[in-house]
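Structure, as C-alpha cells:
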Amino acid sequence: MKKQLPLFMFLILGLSFVSITACQTNQTVTNSTNQTETKAKENPSPTASTKNDLKVTDEFWKKQLDKANEKRDKPIGEKPPGLNVPKELVPGGVVKQTKKLQEMVDSGYALPLDFADLAEKRAKGELVELPMATETYLVDFEENATEEEFSSFNFEERAKPLTPDSPKFAILKKLADDFDGEKFDLNNPKDRKQMRIRLLSMVNPAAKKILEEVADSYQKKFNRPLIITSMTRSIDYQIKLNEISANSFKVMGKDSRPPHSSGSAFDIARKHLTAEEQNFIMQQLSEMENNGKIDGLIEYGARFVFHVFVYQDGKPPKMD
Ligand SMILES: [Zn+2]
C-alpha cells in the first residue's frame, strides 16, 4: 500500500495553496486498489513486457515501481530546493483545456458519461489502454475504483442502475467477455473493480504518444520509469470524485468540461522526484507547450502532480 502523509500535513498543504486544479483529488481519496492482486489477476502468464503489450506481470510492474521509487540522494517532493517552475507550467486555471475540450465536443466528441461510454470508446479505438508497466513508465492508479455495480448516467436522470436488457449493459458485457483475451464476470465485485481500473487507464492515441515521448526522454536521462497516476475519467466518476475531493474539477452540469473527461489528459507523479528530475520534465513540457502541442501544469497540494493536457489534433484552442 502507498505511504500516506499524516493528516495534519495534508491540512497544512491544503491551506498553503489555493489553486485551480484540473485533476487533484485530496487526501480522502484512498487508494483502495490492491495493486498486487490487480496485476496478478490481470496477468496470469509471466511474459516480459513490451511497450504495446497489455499483459504485464505483477513481477515486472513491481520491479518498475521499485525502480521508479529508488532512494534518491537529494531532496524530493512537492517543493525540493532548486525546483525551477517555468512560467508555462505555473498553475493559472485550465481555460485552454476546457476551451479545447469544447472545440472537441463541437466537432463531435462525446464526453464519456459513464463506464459503458468508456468501454465503447475503447472498442472504437478512440481511447487506448496503457499497459500497467513498460520500460519507460508504469501506471500506479491512485484513485478510487469501486466494486459497485455499473450504472448509466445522464444529466437528466442522473445515475441509474443498468438493467441486463439495456444497450449500455450489452457494451460492458461484451467487454467483460473478452477484455483483451481475459474474461470478467459483471456479477463479481472484484471483477468490476478490475474492469474499472482498466477503463480508467486509457487515453487517446495522441496523448499516449506524448506520454511516451516524455517518459522515453526521462528514462534515457535518469534510467527510471515515470509513474502515471490518472488518465481518462467518465463524468459519473468525476462526480464521485467531487463528493470526496473539494479540489477536483467540479461537474456543475451538462456544460462542464472536466479536462480528464477528454481522453487527452494524464498526470505524472512527482512526489518521489528530485528537483533535477522535475526540472527536466518541466523543461520538456514547457517546450511542448511552446510548440502548441500541450497545456501543462504543475499542481500543488494534497496530491501534487504534473497535469498534462494534449491537443489531440496538434493544435491549441482558438482563444478569443
Ligand atoms: Zn490531471
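Letters A, B, ... mark the chains of the C-alpha cells in the order given; residue numbers begin at 1 per chain; ligand numbers begin at 1, in order shown.
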Selection within 12 Å of ligand 1 by only C-alpha atoms and all ligand atoms, output as a PDB file with N, CA and C atoms, in the first residue's frame:
ATOM      1  N   ILE A  20      -6.379  26.590  -8.784  1.00  0.00           N
ATOM      2  CA  ILE A  20      -7.413  25.868  -9.523  1.00  0.00           C
ATOM      3  C   ILE A  20      -6.754  24.636 -10.092  1.00  0.00           C
ATOM      4  N   THR A  21      -7.237  23.527  -9.714  1.00  0.00           N
ATOM      5  CA  THR A  21      -6.583  22.317 -10.183  1.00  0.00           C
ATOM      6  C   THR A  21      -7.507  21.547 -11.098  1.00  0.00           C
ATOM      7  N   ALA A  22      -6.880  20.913 -12.035  1.00  0.00           N
ATOM      8  CA  ALA A  22      -7.649  20.192 -13.029  1.00  0.00           C
ATOM      9  C   ALA A  22      -7.951  18.792 -12.565  1.00  0.00           C
ATOM     10  N   CYS A  23      -7.116  18.304 -11.729  1.00  0.00           N
ATOM     11  CA  CYS A  23      -7.171  16.866 -11.549  1.00  0.00           C
ATOM     12  C   CYS A  23      -7.051  16.412 -10.127  1.00  0.00           C
ATOM     13  N   GLN A  24      -6.814  17.365  -9.226  1.00  0.00           N
ATOM     14  CA  GLN A  24      -6.469  16.906  -7.897  1.00  0.00           C
ATOM     15  C   GLN A  24      -7.593  16.164  -7.202  1.00  0.00           C
ATOM     16  N   THR A  25      -7.177  15.181  -6.479  1.00  0.00           N
ATOM     17  CA  THR A  25      -8.087  14.548  -5.554  1.00  0.00           C
ATOM     18  C   THR A  25      -7.400  14.727  -4.209  1.00  0.00           C
ATOM     19  N   PRO A  91       0.489  27.186 -12.222  1.00  0.00           N
ATOM     20  CA  PRO A  91      -0.960  26.981 -12.227  1.00  0.00           C
ATOM     21  C   PRO A  91      -1.703  28.301 -12.410  1.00  0.00           C
ATOM     22  N   GLY A  93      -5.227  27.975 -13.784  1.00  0.00           N
ATOM     23  CA  GLY A  93      -6.519  27.549 -14.318  1.00  0.00           C
ATOM     24  C   GLY A  93      -6.364  26.678 -15.548  1.00  0.00           C
ATOM     25  N   VAL A  94      -7.466  26.221 -16.021  1.00  0.00           N
ATOM     26  CA  VAL A  94      -7.460  25.269 -17.141  1.00  0.00           C
ATOM     27  C   VAL A  94      -8.316  25.784 -18.302  1.00  0.00           C
ATOM     28  N   GLN A  97      -7.666  24.303 -21.649  1.00  0.00           N
ATOM     29  CA  GLN A  97      -8.087  22.897 -21.727  1.00  0.00           C
ATOM     30  C   GLN A  97      -9.602  22.767 -21.890  1.00  0.00           C
ATOM     31  N   GLU A 142      -4.096   5.940  -8.635  1.00  0.00           N
ATOM     32  CA  GLU A 142      -4.207   6.499  -7.278  1.00  0.00           C
ATOM     33  C   GLU A 142      -5.613   6.886  -6.894  1.00  0.00           C
ATOM     34  N   GLU A 143      -6.565   6.460  -7.642  1.00  0.00           N
ATOM     35  CA  GLU A 143      -7.904   6.934  -7.340  1.00  0.00           C
ATOM     36  C   GLU A 143      -8.755   5.837  -6.737  1.00  0.00           C
ATOM     37  N   ILE A 228       2.577   7.197 -13.840  1.00  0.00           N
ATOM     38  CA  ILE A 228       1.354   7.873 -14.286  1.00  0.00           C
ATOM     39  C   ILE A 228       0.246   7.521 -13.288  1.00  0.00           C
ATOM     40  N   THR A 229      -0.452   8.548 -12.789  1.00  0.00           N
ATOM     41  CA  THR A 229      -1.433   8.274 -11.725  1.00  0.00           C
ATOM     42  C   THR A 229      -2.890   8.444 -12.147  1.00  0.00           C
ATOM     43  N   SER A 230      -3.152   9.264 -13.143  1.00  0.00           N
ATOM     44  CA  SER A 230      -4.541   9.499 -13.558  1.00  0.00           C
ATOM     45  C   SER A 230      -4.614   9.646 -15.052  1.00  0.00           C
ATOM     46  N   MET A 231      -5.695   9.158 -15.614  1.00  0.00           N
ATOM     47  CA  MET A 231      -5.888   9.264 -17.052  1.00  0.00           C
ATOM     48  C   MET A 231      -7.314   9.728 -17.334  1.00  0.00           C
ATOM     49  N   THR A 232      -8.022   8.988 -18.179  1.00  0.00           N
ATOM     50  CA  THR A 232      -9.365   9.447 -18.565  1.00  0.00           C
ATOM     51  C   THR A 232     -10.408   9.093 -17.510  1.00  0.00           C
ATOM     52  N   ARG A 233     -11.312  10.033 -17.265  1.00  0.00           N
ATOM     53  CA  ARG A 233     -12.396   9.783 -16.311  1.00  0.00           C
ATOM     54  C   ARG A 233     -13.743   9.985 -16.993  1.00  0.00           C
ATOM     55  N   GLN A 238     -16.090  11.379 -12.304  1.00  0.00           N
ATOM     56  CA  GLN A 238     -15.638  12.707 -11.877  1.00  0.00           C
ATOM     57  C   GLN A 238     -16.577  13.267 -10.794  1.00  0.00           C
ATOM     58  N   ASN A 247     -11.037  19.601  -4.225  1.00  0.00           N
ATOM     59  CA  ASN A 247     -10.143  20.188  -5.220  1.00  0.00           C
ATOM     60  C   ASN A 247     -10.369  19.698  -6.639  1.00  0.00           C
ATOM     61  N   SER A 248     -11.158  18.653  -6.797  1.00  0.00           N
ATOM     62  CA  SER A 248     -11.317  18.115  -8.144  1.00  0.00           C
ATOM     63  C   SER A 248     -12.199  19.035  -8.987  1.00  0.00           C
ATOM     64  N   PHE A 249     -12.006  18.994 -10.288  1.00  0.00           N
ATOM     65  CA  PHE A 249     -12.780  19.853 -11.194  1.00  0.00           C
ATOM     66  C   PHE A 249     -14.264  19.547 -11.024  1.00  0.00           C
ATOM     67  N   PRO A 258     -14.702  18.854 -17.732  1.00  0.00           N
ATOM     68  CA  PRO A 258     -13.542  18.431 -16.926  1.00  0.00           C
ATOM     69  C   PRO A 258     -12.425  17.906 -17.828  1.00  0.00           C
ATOM     70  N   PRO A 259     -11.227  18.463 -17.706  1.00  0.00           N
ATOM     71  CA  PRO A 259     -10.142  18.062 -18.607  1.00  0.00           C
ATOM     72  C   PRO A 259      -9.921  16.543 -18.693  1.00  0.00           C
ATOM     73  N   HIS A 260     -10.071  15.851 -17.582  1.00  0.00           N
ATOM     74  CA  HIS A 260      -9.801  14.408 -17.627  1.00  0.00           C
ATOM     75  C   HIS A 260     -10.907  13.602 -18.327  1.00  0.00           C
ATOM     76  N   SER A 261     -11.988  14.267 -18.728  1.00  0.00           N
ATOM     77  CA  SER A 261     -13.000  13.528 -19.490  1.00  0.00           C
ATOM     78  C   SER A 261     -12.718  13.603 -20.991  1.00  0.00           C
ATOM     79  N   SER A 262     -11.620  14.286 -21.349  1.00  0.00           N
ATOM     80  CA  SER A 262     -11.311  14.490 -22.771  1.00  0.00           C
ATOM     81  C   SER A 262     -10.597  13.300 -23.409  1.00  0.00           C
ATOM     82  N   GLY A 263      -9.988  12.456 -22.576  1.00  0.00           N
ATOM     83  CA  GLY A 263      -9.132  11.400 -23.126  1.00  0.00           C
ATOM     84  C   GLY A 263      -7.740  11.932 -23.438  1.00  0.00           C
ATOM     85  N   SER A 264      -7.572  13.228 -23.276  1.00  0.00           N
ATOM     86  CA  SER A 264      -6.317  13.883 -23.648  1.00  0.00           C
ATOM     87  C   SER A 264      -5.435  14.206 -22.451  1.00  0.00           C
ATOM     88  N   ALA A 265      -5.906  13.911 -21.250  1.00  0.00           N
ATOM     89  CA  ALA A 265      -5.169  14.348 -20.059  1.00  0.00           C
ATOM     90  C   ALA A 265      -4.604  13.165 -19.274  1.00  0.00           C
ATOM     91  N   PHE A 266      -3.442  13.422 -18.670  1.00  0.00           N
ATOM     92  CA  PHE A 266      -2.879  12.427 -17.750  1.00  0.00           C
ATOM     93  C   PHE A 266      -2.022  13.155 -16.721  1.00  0.00           C
ATOM     94  N   ASP A 267      -1.786  12.493 -15.600  1.00  0.00           N
ATOM     95  CA  ASP A 267      -0.993  13.080 -14.523  1.00  0.00           C
ATOM     96  C   ASP A 267       0.276  12.269 -14.305  1.00  0.00           C
ATOM     97  N   ILE A 268       1.377  12.992 -14.106  1.00  0.00           N
ATOM     98  CA  ILE A 268       2.663  12.354 -13.825  1.00  0.00           C
ATOM     99  C   ILE A 268       2.992  12.594 -12.349  1.00  0.00           C
ATOM    100  N   ALA A 269       3.248  11.516 -11.616  1.00  0.00           N
ATOM    101  CA  ALA A 269       3.600  11.649 -10.200  1.00  0.00           C
ATOM    102  C   ALA A 269       4.948  12.351 -10.079  1.00  0.00           C
ATOM    103  N   ASP A 295      -1.007  21.608 -23.006  1.00  0.00           N
ATOM    104  CA  ASP A 295      -1.054  22.570 -21.913  1.00  0.00           C
ATOM    105  C   ASP A 295      -0.656  21.796 -20.666  1.00  0.00           C
ATOM    106  N   GLY A 296       0.403  22.224 -20.021  1.00  0.00           N
ATOM    107  CA  GLY A 296       0.884  21.515 -18.829  1.00  0.00           C
ATOM    108  C   GLY A 296       0.800  22.385 -17.594  1.00  0.00           C
ATOM    109  N   LEU A 297       0.657  21.750 -16.452  1.00  0.00           N
ATOM    110  CA  LEU A 297       0.564  22.472 -15.181  1.00  0.00           C
ATOM    111  C   LEU A 297       1.311  21.708 -14.108  1.00  0.00           C
ATOM    112  N   ILE A 298       1.955  22.461 -13.219  1.00  0.00           N
ATOM    113  CA  ILE A 298       2.433  21.808 -12.007  1.00  0.00           C
ATOM    114  C   ILE A 298       1.325  21.993 -10.980  1.00  0.00           C
ATOM    115  N   GLU A 299       1.000  20.932 -10.284  1.00  0.00           N
ATOM    116  CA  GLU A 299      -0.033  21.056  -9.268  1.00  0.00           C
ATOM    117  C   GLU A 299       0.574  20.853  -7.886  1.00  0.00           C
ATOM    118  N   TYR A 300       0.042  21.619  -6.949  1.00  0.00           N
ATOM    119  CA  TYR A 300       0.494  21.529  -5.564  1.00  0.00           C
ATOM    120  C   TYR A 300      -0.655  20.997  -4.717  1.00  0.00           C
ATOM    121  N   ARG A 303      -2.328  16.134  -3.507  1.00  0.00           N
ATOM    122  CA  ARG A 303      -1.843  15.104  -4.426  1.00  0.00           C
ATOM    123  C   ARG A 303      -1.166  15.824  -5.584  1.00  0.00           C
ATOM    124  N   PHE A 304       0.061  16.210  -5.344  1.00  0.00           N
ATOM    125  CA  PHE A 304       0.732  17.072  -6.313  1.00  0.00           C
ATOM    126  C   PHE A 304       1.326  16.261  -7.457  1.00  0.00           C
ATOM    127  N   VAL A 305       1.094  16.735  -8.655  1.00  0.00           N
ATOM    128  CA  VAL A 305       1.497  16.024  -9.877  1.00  0.00           C
ATOM    129  C   VAL A 305       1.821  17.046 -10.964  1.00  0.00           C
ATOM    130  N   PHE A 306       2.310  16.545 -12.088  1.00  0.00           N
ATOM    131  CA  PHE A 306       2.276  17.326 -13.315  1.00  0.00           C
ATOM    132  C   PHE A 306       1.026  16.889 -14.073  1.00  0.00           C
ATOM    133  N   HIS A 307       0.207  17.855 -14.409  1.00  0.00           N
ATOM    134  CA  HIS A 307      -1.006  17.561 -15.174  1.00  0.00           C
ATOM    135  C   HIS A 307      -0.737  17.960 -16.624  1.00  0.00           C
ATOM    136  N   VAL A 308      -0.973  17.045 -17.541  1.00  0.00           N
ATOM    137  CA  VAL A 308      -0.687  17.292 -18.952  1.00  0.00           C
ATOM    138  C   VAL A 308      -1.964  17.114 -19.771  1.00  0.00           C
ATOM    139  N   PHE A 309      -2.267  18.105 -20.572  1.00  0.00           N
ATOM    140  CA  PHE A 309      -3.414  18.020 -21.480  1.00  0.00           C
ATOM    141  C   PHE A 309      -2.872  18.126 -22.898  1.00  0.00           C
ATOM    142  N   VAL A 310      -3.115  17.123 -23.692  1.00  0.00           N
ATOM    143  CA  VAL A 310      -2.559  17.056 -25.047  1.00  0.00           C
ATOM    144  C   VAL A 310      -3.606  17.538 -26.056  1.00  0.00           C
TER     145      VAL A 310
END
Taking only residues of segment 234-285 of chain A that have an atom at most 8 Å from an atom of segment 213-226 of chain A, what is each one's shortest atom pair and its distance in Å to one decimal, using only C-alpha atoms, in chain and number order, as a Markdown table?
| residue | atom | partner | partner_atom | distance |
| --- | --- | --- | --- | --- |
| A:Ile268 | CA | A:Leu226 | CA | 7.1 |
| A:Ala269 | CA | A:Leu226 | CA | 7.5 |
| A:Glu277 | CA | A:Phe222 | CA | 7.8 |
| A:Phe280 | CA | A:Tyr218 | CA | 7.6 |
| A:Ile281 | CA | A:Tyr218 | CA | 6.9 |
| A:Gln284 | CA | A:Val214 | CA | 7.1 |
| A:Leu285 | CA | A:Val214 | CA | 7.8 |
Export of prior selection with N, CA and C atoms as a PDB file, in the first residue's frame:
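And here's part_13.pdb as it stands now:
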ATOM      1  N   ILE A 268       1.377  12.992 -14.106  1.00  0.00           N
ATOM      2  CA  ILE A 268       2.663  12.354 -13.825  1.00  0.00           C
ATOM      3  C   ILE A 268       2.992  12.594 -12.349  1.00  0.00           C
ATOM      4  N   ALA A 269       3.248  11.516 -11.616  1.00  0.00           N
ATOM      5  CA  ALA A 269       3.600  11.649 -10.200  1.00  0.00           C
ATOM      6  C   ALA A 269       4.948  12.351 -10.079  1.00  0.00           C
ATOM      7  N   GLU A 277      15.181  16.134 -11.484  1.00  0.00           N
ATOM      8  CA  GLU A 277      14.276  15.315 -12.302  1.00  0.00           C
ATOM      9  C   GLU A 277      13.030  16.105 -12.699  1.00  0.00           C
ATOM     10  N   PHE A 280      13.788  18.706 -15.285  1.00  0.00           N
ATOM     11  CA  PHE A 280      13.973  18.091 -16.604  1.00  0.00           C
ATOM     12  C   PHE A 280      12.612  17.849 -17.275  1.00  0.00           C
ATOM     13  N   ILE A 281      11.691  17.299 -16.522  1.00  0.00           N
ATOM     14  CA  ILE A 281      10.356  17.020 -17.080  1.00  0.00           C
ATOM     15  C   ILE A 281       9.649  18.335 -17.438  1.00  0.00           C
ATOM     16  N   GLN A 284      10.843  19.879 -20.627  1.00  0.00           N
ATOM     17  CA  GLN A 284      10.271  19.207 -21.786  1.00  0.00           C
ATOM     18  C   GLN A 284       8.810  19.619 -22.013  1.00  0.00           C
ATOM     19  N   LEU A 285       8.056  19.669 -20.914  1.00  0.00           N
ATOM     20  CA  LEU A 285       6.643  20.036 -21.032  1.00  0.00           C
ATOM     21  C   LEU A 285       6.495  21.482 -21.509  1.00  0.00           C
TER      22      LEU A 285
END
Practice task
Report as a ChimeraX atom specification: the residues of segment 70-242 of chain A with a DSSP assignment of alpha helix (DSSP H), based on the backbone of this structure.
Solution key: /A:95-106,115-124,167-177,189-199,205-222,235-242
Practice task
Point out the residue among A:Lys254, A:Lys193, A:Lys96, A:Lys79 with the least atom-to-atom distance to Phe155 of chain A, counting only C-alpha atoms.
Solution key: A:Lys254
Problem - Residue neighbourhood Arg122 of chain A, 12 Å, only C-alpha atoms, exclusion window fewer than 5 positions, as an MDAnalysis selection string - result: chainID A and resid 112 115:117 127:130 171:172 174:175 179:180 198:205 232 263
Could the residues in this selection be written to a file with C-alpha atoms, as an mmCIF file, in the first residue's frame?
data_model
loop_
_atom_site.group_PDB
_atom_site.id
_atom_site.type_symbol
_atom_site.label_atom_id
_atom_site.label_comp_id
_atom_site.auth_asym_id
_atom_site.auth_seq_id
_atom_site.Cartn_x
_atom_site.Cartn_y
_atom_site.Cartn_z
ATOM 1 C CA PRO A 112 -17.860 9.676 -21.654
ATOM 2 C CA PHE A 115 -18.151 3.352 -17.737
ATOM 3 C CA ALA A 116 -20.144 1.929 -20.619
ATOM 4 C CA ASP A 117 -19.179 5.003 -22.635
ATOM 5 C CA LEU A 127 -9.202 5.533 -26.297
ATOM 6 C CA VAL A 128 -6.360 3.100 -25.811
ATOM 7 C CA GLU A 129 -5.437 1.308 -22.651
ATOM 8 C CA LEU A 130 -1.989 1.884 -21.217
ATOM 9 C CA ILE A 171 -21.446 -2.940 -24.191
ATOM 10 C CA LEU A 172 -19.969 -3.756 -20.791
ATOM 11 C CA LYS A 174 -19.167 -7.663 -24.452
ATOM 12 C CA LEU A 175 -16.008 -6.177 -22.992
ATOM 13 C CA PHE A 179 -11.139 -7.936 -22.228
ATOM 14 C CA ASP A 180 -8.041 -8.253 -24.318
ATOM 15 C CA ARG A 198 -8.523 -0.719 -16.666
ATOM 16 C CA LEU A 199 -11.216 1.530 -18.132
ATOM 17 C CA LEU A 200 -9.728 4.427 -16.187
ATOM 18 C CA SER A 201 -6.257 3.609 -17.526
ATOM 19 C CA MET A 202 -6.908 4.890 -21.027
ATOM 20 C CA VAL A 203 -6.007 7.955 -23.056
ATOM 21 C CA ASN A 204 -6.418 8.836 -26.706
ATOM 22 C CA PRO A 205 -3.627 7.839 -29.113
ATOM 23 C CA THR A 232 -9.365 9.447 -18.565
ATOM 24 C CA GLY A 263 -9.132 11.400 -23.126
#
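For the pair atom CA of Leu54 of chain A and atom CA of Ala206 of chain A, the interatomic distance is 18.2 Å.
Closest approach to Gln283 of chain A among A:Lys160, A:Arg192, A:Lys87, A:Lys318 is made by A:Lys87 (distances from only C-alpha atoms).
Among A:Ala145, A:Leu241, A:Leu89, A:Ile76, the residue with the shortest atom-to-atom distance to Asn290 of chain A, counting only C-alpha atoms, is A:Leu89.
Put simply, atom CA of Glu88 of chain A is 16.5 Å away from atom CA of Lys315 of chain A.
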Exercise for the section: Could you give me, as an MDAnalysis selection string, each residue of segment 24-177 of chain A that DSSP assigns to strand (DSSP E or B) when run on this structure's backbone? Expected result: chainID A and resid 76 128:129 133 137:139 151:154 158:161
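For the set A:Asp140, A:Lys250, A:Val85, A:Phe169, the residue with the smallest atom-to-atom gap to Ser286 of chain A is A:Val85, counting only C-alpha atoms.
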